[in-house]
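Undergrad: Once you've had a glance at the structure underneath, I'll fire off some questions.
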Amino acid sequence: MSVTIKDIAKVCNVSHSTVSRVLNNKCARQTPRTEQIISTAKALGYKPNTLAQQLVKRSSNMVGLMIPDIANPHYSEITKCVEDAAACAGYRVFLCNTDWDVRKEQMYRDSLLESQVAGIIVMPVCDESHVMFRGLPVPVVLLGSRTLEPELSYVVMDNERAAHMAAEYFIGLGRRRLCYIARPVENYTSSDREKGFLAATREAGIAAKDVAITRSKGHALKGGYRATKQLIEQNKTPDAILAFNDFIALGAIQAVEEAGLTVGEDVAVMGFDDILFSSLPKINLTTITPSNEELGKAAILPILQQTRDDLPAKGQVKILQPHMVLRATCGENIARKRLSIQA
């Protein structure tokens, strides 16, 4: 049976309220009596009941994390990084899978508030769902999406710059028929990438007719496959494809190969997120990503500052820089050889 405050009070011949004040650092000064209580607690192996303390304080060391698709390795990898960062700060993570459903997002928001979490980190279902996180009694951090809600903090990669980098890279390899496959439902992240992508093509003088913007019918492989297959069937085959994420890019690769074309030679393909599958030897997908470790640390920071440092609720913005991971699907060696022959 675990040692209680009453056990320590009995040994020290003091009231249990006195022991409680000492162990909760509520005594104005250190005295021989307080030292005796502390040493007795250590000797008896006393461990505080953190759950009881949290109920009294109406707070917890639990952080809610809401992700849209637990089956997607991208979100699983980010979850691990958030969990690691939270653990280093003394917090635990309560994971909620919203399944791209706004109703589930609202349900989990209410459940987390009822559980008196210290804060909520959310990868939102859509831009419109941001409003449901206004005015909450705990700090909220949007992860992977910017927002127009001024009181909400957010951590996001510079998506406009990332897509601009991708288009510039394609153009530098001699690609001139470019395509961006957006996500099924437009959001700030996808529209920022489209904006950066189009800006780079205009700056390079690529004709508008040679730039295609199409939308995936899903977040996974089938969406990228169908979008690419449709372009090929319409005789609008691009020679470079930038996909909203790696899963959509993998679907695009399937459609390209099914059409008898060679990925990296006939069509360059690039995605976002650098999921685990992307580095497999038979895939070798070129991709753009921020540091997931940085994402995790940056997501926890506003919660720490508002709960531990008792700072007023105020939206904080953290924009991480993109990193391009070069692999085989852009056919860099083939494209550069072709450019040198043409020169």
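Residue numbering restarts at 1 for every chain of the structure tokens, chains are lettered A, B, ... in their displayed order, and ligands are numbered from 1 as they appear.
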Extract the full set of helix (DSSP H, G or I) residues from segment 36-186 of chain A according to DSSP on the backbone, and format it as a PyMOL selection string.
TA: chain A and resi 36-44+50-57+73-88+102-114+127-133+159-172
Undergrad: Might you pull out every residue within 12 Å of Gly90 of chain A, with only C-alpha atoms counted and same-chain residues fewer than 6 positions away left off, and present them as JSON, numbers by chain?
TA: {"A": [60, 61, 62, 63, 83, 84, 118, 300, 304, 308]}
Undergrad: Write the residues you've just listed into a file as a PDB file, in the first residue's frame, and include N, CA, C and O atoms for each of them.
TA:
```pdb
ATOM      1  N   SER A  60      -3.865  19.756 -15.768  1.00  0.00           N
ATOM      2  CA  SER A  60      -3.191  18.471 -15.925  1.00  0.00           C
ATOM      3  C   SER A  60      -1.896  18.665 -16.691  1.00  0.00           C
ATOM      4  O   SER A  60      -1.606  19.736 -17.212  1.00  0.00           O
ATOM      5  N   ASN A  61      -1.111  17.583 -16.740  1.00  0.00           N
ATOM      6  CA  ASN A  61       0.095  17.602 -17.555  1.00  0.00           C
ATOM      7  C   ASN A  61      -0.164  16.863 -18.865  1.00  0.00           C
ATOM      8  O   ASN A  61       0.745  16.324 -19.476  1.00  0.00           O
ATOM      9  N   MET A  62      -1.420  16.859 -19.282  1.00  0.00           N
ATOM     10  CA  MET A  62      -1.829  16.194 -20.516  1.00  0.00           C
ATOM     11  C   MET A  62      -2.070  17.221 -21.619  1.00  0.00           C
ATOM     12  O   MET A  62      -2.678  18.261 -21.395  1.00  0.00           O
ATOM     13  N   VAL A  63      -1.552  16.929 -22.804  1.00  0.00           N
ATOM     14  CA  VAL A  63      -1.765  17.770 -23.985  1.00  0.00           C
ATOM     15  C   VAL A  63      -2.554  16.966 -25.009  1.00  0.00           C
ATOM     16  O   VAL A  63      -2.214  15.809 -25.291  1.00  0.00           O
ATOM     17  N   GLU A  83       5.154  13.916 -29.311  1.00  0.00           N
ATOM     18  CA  GLU A  83       5.172  13.154 -28.064  1.00  0.00           C
ATOM     19  C   GLU A  83       6.545  13.247 -27.394  1.00  0.00           C
ATOM     20  O   GLU A  83       6.646  13.414 -26.169  1.00  0.00           O
ATOM     21  N   ASP A  84       7.611  13.146 -28.190  1.00  0.00           N
ATOM     22  CA  ASP A  84       8.968  13.254 -27.641  1.00  0.00           C
ATOM     23  C   ASP A  84       9.201  14.628 -27.019  1.00  0.00           C
ATOM     24  O   ASP A  84       9.763  14.741 -25.920  1.00  0.00           O
ATOM     25  N   ALA A 118      -3.890  20.600 -20.601  1.00  0.00           N
ATOM     26  CA  ALA A 118      -3.139  21.847 -20.475  1.00  0.00           C
ATOM     27  C   ALA A 118      -3.151  22.651 -21.765  1.00  0.00           C
ATOM     28  O   ALA A 118      -2.961  23.873 -21.752  1.00  0.00           O
ATOM     29  N   ILE A 300       4.872  22.523 -28.973  1.00  0.00           N
ATOM     30  CA  ILE A 300       4.742  22.464 -27.512  1.00  0.00           C
ATOM     31  C   ILE A 300       5.047  23.820 -26.862  1.00  0.00           C
ATOM     32  O   ILE A 300       4.460  24.183 -25.836  1.00  0.00           O
ATOM     33  N   LEU A 304       3.700  25.644 -23.242  1.00  0.00           N
ATOM     34  CA  LEU A 304       4.569  25.810 -22.071  1.00  0.00           C
ATOM     35  C   LEU A 304       4.581  27.261 -21.608  1.00  0.00           C
ATOM     36  O   LEU A 304       4.501  27.550 -20.410  1.00  0.00           O
ATOM     37  N   ARG A 308       3.060  27.470 -17.991  1.00  0.00           N
ATOM     38  CA  ARG A 308       4.100  27.526 -16.960  1.00  0.00           C
ATOM     39  C   ARG A 308       4.550  28.947 -16.656  1.00  0.00           C
ATOM     40  O   ARG A 308       4.772  29.319 -15.511  1.00  0.00           O
TER      41      ARG A 308
END
```
Undergrad: Find the residues near Glu35 of chain A: any atom within 9 Å, counting only C-alpha atoms, skip ones fewer than 5 places away on the same chain, and give them as a VMD selection string.
TA: chain A and resid 22 30 40
Undergrad: From the set A:Lys297, A:Arg215, A:His130, A:His323, which residue has the shortest atom-to-atom contact distance to Thr228 of chain A, counting only C-alpha atoms?
TA: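 Closest candidate: A:Arg215.
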Undergrad: Neighbouring residues of Val140 of chain A were defined as those with any atom within 9 Å, considering only C-alpha atoms; residues of the same chain fewer than 2 positions away were excluded. Please report them as number ranges by chain.
TA: A: 119-122, 133-134, 136, 138, 142, 151-154, 302-303, 315
Undergrad: Counting only C-alpha atoms, which residues of segment 172-284 of chain A sit at most 12 Å from some atom of segment 95-106 of chain A, and what is each one's closest atom pair with its distance in Å to one decimal, listed by chain and rising residue number, as CSV?
TA:
```
residue,atom,partner,partner_atom,distance
A:Pro184,CA,A:Trp100,CA,11.2
A:Val185,CA,A:Trp100,CA,10.5
A:Gly218,CA,A:Trp100,CA,11.1
A:His219,CA,A:Trp100,CA,9.9
```
Undergrad: Using only C-alpha atoms, which residue out of A:Gly260, A:Lys80, A:Gly64, A:Gly144 lies closest to Ser111 of chain A?
TA: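 Residue with the minimum atom-to-atom distance to Ser111 of chain A: A:Gly64.
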Undergrad: Pick the closest to Ala200 of chain A from A:Arg176, A:Arg226, A:Arg327, A:His74: which is it, counting only C-alpha atoms?
TA: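 Once distances to Ala200 of chain A are computed over only C-alpha atoms, the minimum belongs to A:Arg176.
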Undergrad: Do you know which residues are at most 12 Å from Asp158 of chain A counting only C-alpha atoms, after dropping those on the same chain fewer than 6 positions away, and could you put them as a list in words?
TA: Gly144, Ser145, Arg146, His164, Met165, Tyr188, Thr189, Ser190, Asp192, Arg193, Lys195, Gly196, Ile288, Thr289, Pro290, Ser291, Val317, Lys318, Ile319, Leu320, Gln321, Pro322 and His323 of chain A
Undergrad: Using only C-alpha atoms, which residues sit within 8 Å of Phe197 of chain A once same-chain residues fewer than 5 positions away are excluded, as a PyMOL selection string?
TA: chain A and resi 160+163-164+166-167+180
Undergrad: For the selection you just gave me, I'd like the residues written to a file as a PDB file, in the first residue's frame, keeping C-alpha atoms.
TA:
```pdb
ATOM      1  CA  GLU A 160       4.872  29.105 -50.746  1.00  0.00           C
ATOM      2  CA  ALA A 163       6.613  24.981 -53.949  1.00  0.00           C
ATOM      3  CA  HIS A 164       8.590  27.812 -55.558  1.00  0.00           C
ATOM      4  CA  ALA A 166      10.200  22.700 -56.431  1.00  0.00           C
ATOM      5  CA  ALA A 167       9.145  24.478 -59.636  1.00  0.00           C
ATOM      6  CA  TYR A 180       0.710  20.690 -59.497  1.00  0.00           C
TER       7      TYR A 180
END
```
Undergrad: Using Å and a single decimal, report how far atom CA of Leu301 of chain A sits from atom CA of Leu276 of chain A.
TA: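 So the answer is 26.4 Å.
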Undergrad: Could you tell me, as a PDB file with C-alpha atoms, in the first residue's frame, which residues of segment 47-256 of chain A DSSP assigns to strand (DSSP E) when given the backbone?
TA:
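Writing the result to out-v5.pdb gives the following:
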```pdb
ATOM      1  CA  MET A  62      -1.829  16.194 -20.516  1.00  0.00           C
ATOM      2  CA  VAL A  63      -1.765  17.770 -23.985  1.00  0.00           C
ATOM      3  CA  GLY A  64      -4.358  16.870 -26.603  1.00  0.00           C
ATOM      4  CA  LEU A  65      -3.094  16.148 -30.129  1.00  0.00           C
ATOM      5  CA  MET A  66      -5.647  15.964 -32.950  1.00  0.00           C
ATOM      6  CA  ILE A  67      -4.511  14.484 -36.268  1.00  0.00           C
ATOM      7  CA  ARG A  92       1.872  13.383 -21.838  1.00  0.00           C
ATOM      8  CA  VAL A  93      -0.037  13.309 -25.126  1.00  0.00           C
ATOM      9  CA  PHE A  94      -3.663  12.264 -25.587  1.00  0.00           C
ATOM     10  CA  LEU A  95      -4.048  11.317 -29.271  1.00  0.00           C
ATOM     11  CA  CYS A  96      -7.279  11.917 -31.212  1.00  0.00           C
ATOM     12  CA  ASN A  97      -7.860  10.803 -34.823  1.00  0.00           C
ATOM     13  CA  GLY A 119      -3.395  22.661 -24.173  1.00  0.00           C
ATOM     14  CA  ILE A 120      -4.502  21.413 -27.578  1.00  0.00           C
ATOM     15  CA  ILE A 121      -2.360  20.839 -30.670  1.00  0.00           C
ATOM     16  CA  VAL A 122      -4.455  20.310 -33.784  1.00  0.00           C
ATOM     17  CA  VAL A 140      -4.345  26.063 -28.915  1.00  0.00           C
ATOM     18  CA  VAL A 141      -1.624  25.485 -31.511  1.00  0.00           C
ATOM     19  CA  LEU A 142      -2.413  24.689 -35.152  1.00  0.00           C
ATOM     20  CA  LEU A 143       0.228  22.392 -36.602  1.00  0.00           C
ATOM     21  CA  SER A 153      -0.780  30.005 -32.479  1.00  0.00           C
ATOM     22  CA  TYR A 154       0.431  28.046 -35.480  1.00  0.00           C
ATOM     23  CA  VAL A 155       3.531  26.201 -36.651  1.00  0.00           C
ATOM     24  CA  VAL A 156       3.921  25.682 -40.373  1.00  0.00           C
ATOM     25  CA  MET A 157       6.481  25.201 -43.115  1.00  0.00           C
ATOM     26  CA  LEU A 178       4.633  21.407 -65.253  1.00  0.00           C
ATOM     27  CA  CYS A 179       1.735  20.185 -63.125  1.00  0.00           C
ATOM     28  CA  TYR A 180       0.710  20.690 -59.497  1.00  0.00           C
ATOM     29  CA  ILE A 181      -1.732  18.157 -58.011  1.00  0.00           C
ATOM     30  CA  ALA A 182      -3.523  19.895 -55.125  1.00  0.00           C
ATOM     31  CA  VAL A 211       1.198  24.716 -66.543  1.00  0.00           C
ATOM     32  CA  ALA A 212      -1.576  22.495 -65.184  1.00  0.00           C
ATOM     33  CA  ILE A 213      -3.259  22.782 -61.794  1.00  0.00           C
ATOM     34  CA  THR A 214      -5.418  19.774 -61.006  1.00  0.00           C
ATOM     35  CA  ARG A 215      -7.018  18.413 -57.855  1.00  0.00           C
ATOM     36  CA  ALA A 240       7.144  17.287 -64.161  1.00  0.00           C
ATOM     37  CA  ILE A 241       4.589  16.730 -61.387  1.00  0.00           C
ATOM     38  CA  LEU A 242       4.551  18.292 -57.940  1.00  0.00           C
ATOM     39  CA  ALA A 243       2.032  16.545 -55.653  1.00  0.00           C
TER      40      ALA A 243
END
```
Undergrad: So, counting only C-alpha atoms, which residue among A:Ala299, A:Leu198, A:Ala255, A:Met324 is closest to Pro139 of chain A?
TA: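 Of A:Ala299, A:Leu198, A:Ala255, A:Met324, the one nearest Pro139 of chain A, counting only C-alpha atoms, is A:Ala299.
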Undergrad: Within 10 Å of Leu44 of chain A, counting only C-alpha atoms, which residues qualify if same-chain residues fewer than 2 places away don't, as a CSV table (one decimal) with N, CA and C atoms, in the first residue's frame?
TA:
```csv
chain,number,residue,atom,x,y,z
A,2,SER,N,0.6,2.2,-0.8
A,2,SER,CA,1.4,3.4,-0.9
A,2,SER,C,1.3,4.3,0.3
A,3,VAL,N,2.4,5.0,0.5
A,3,VAL,CA,2.5,6.0,1.7
A,3,VAL,C,1.7,7.2,1.4
A,4,THR,N,0.9,7.7,2.4
A,4,THR,CA,0.0,8.8,2.2
A,4,THR,C,0.6,10.0,3.1
A,7,ASP,N,0.2,9.3,6.7
A,7,ASP,CA,1.2,8.5,7.3
A,7,ASP,C,2.4,9.3,7.7
A,8,ILE,N,2.8,10.3,6.9
A,8,ILE,CA,3.9,11.2,7.2
A,8,ILE,C,3.6,12.0,8.4
A,11,VAL,N,4.0,10.1,11.7
A,11,VAL,CA,5.3,9.9,12.1
A,11,VAL,C,5.9,11.2,12.7
A,39,SER,N,12.4,15.0,4.8
A,39,SER,CA,13.3,13.8,4.9
A,39,SER,C,12.4,12.5,5.3
A,40,THR,N,11.4,12.7,6.1
A,40,THR,CA,10.5,11.6,6.4
A,40,THR,C,9.8,11.1,5.2
A,41,ALA,N,9.3,12.0,4.3
A,41,ALA,CA,8.6,11.6,3.1
A,41,ALA,C,9.6,10.8,2.2
A,42,LYS,N,10.8,11.3,2.1
A,42,LYS,CA,11.8,10.6,1.3
A,42,LYS,C,12.1,9.2,1.8
A,46,TYR,N,7.5,8.3,-0.2
A,46,TYR,CA,6.2,8.9,-0.6
A,46,TYR,C,6.3,9.4,-2.0
A,47,LYS,N,5.2,9.1,-2.8
A,47,LYS,CA,5.1,9.6,-4.1
A,47,LYS,C,3.7,10.3,-4.2
```
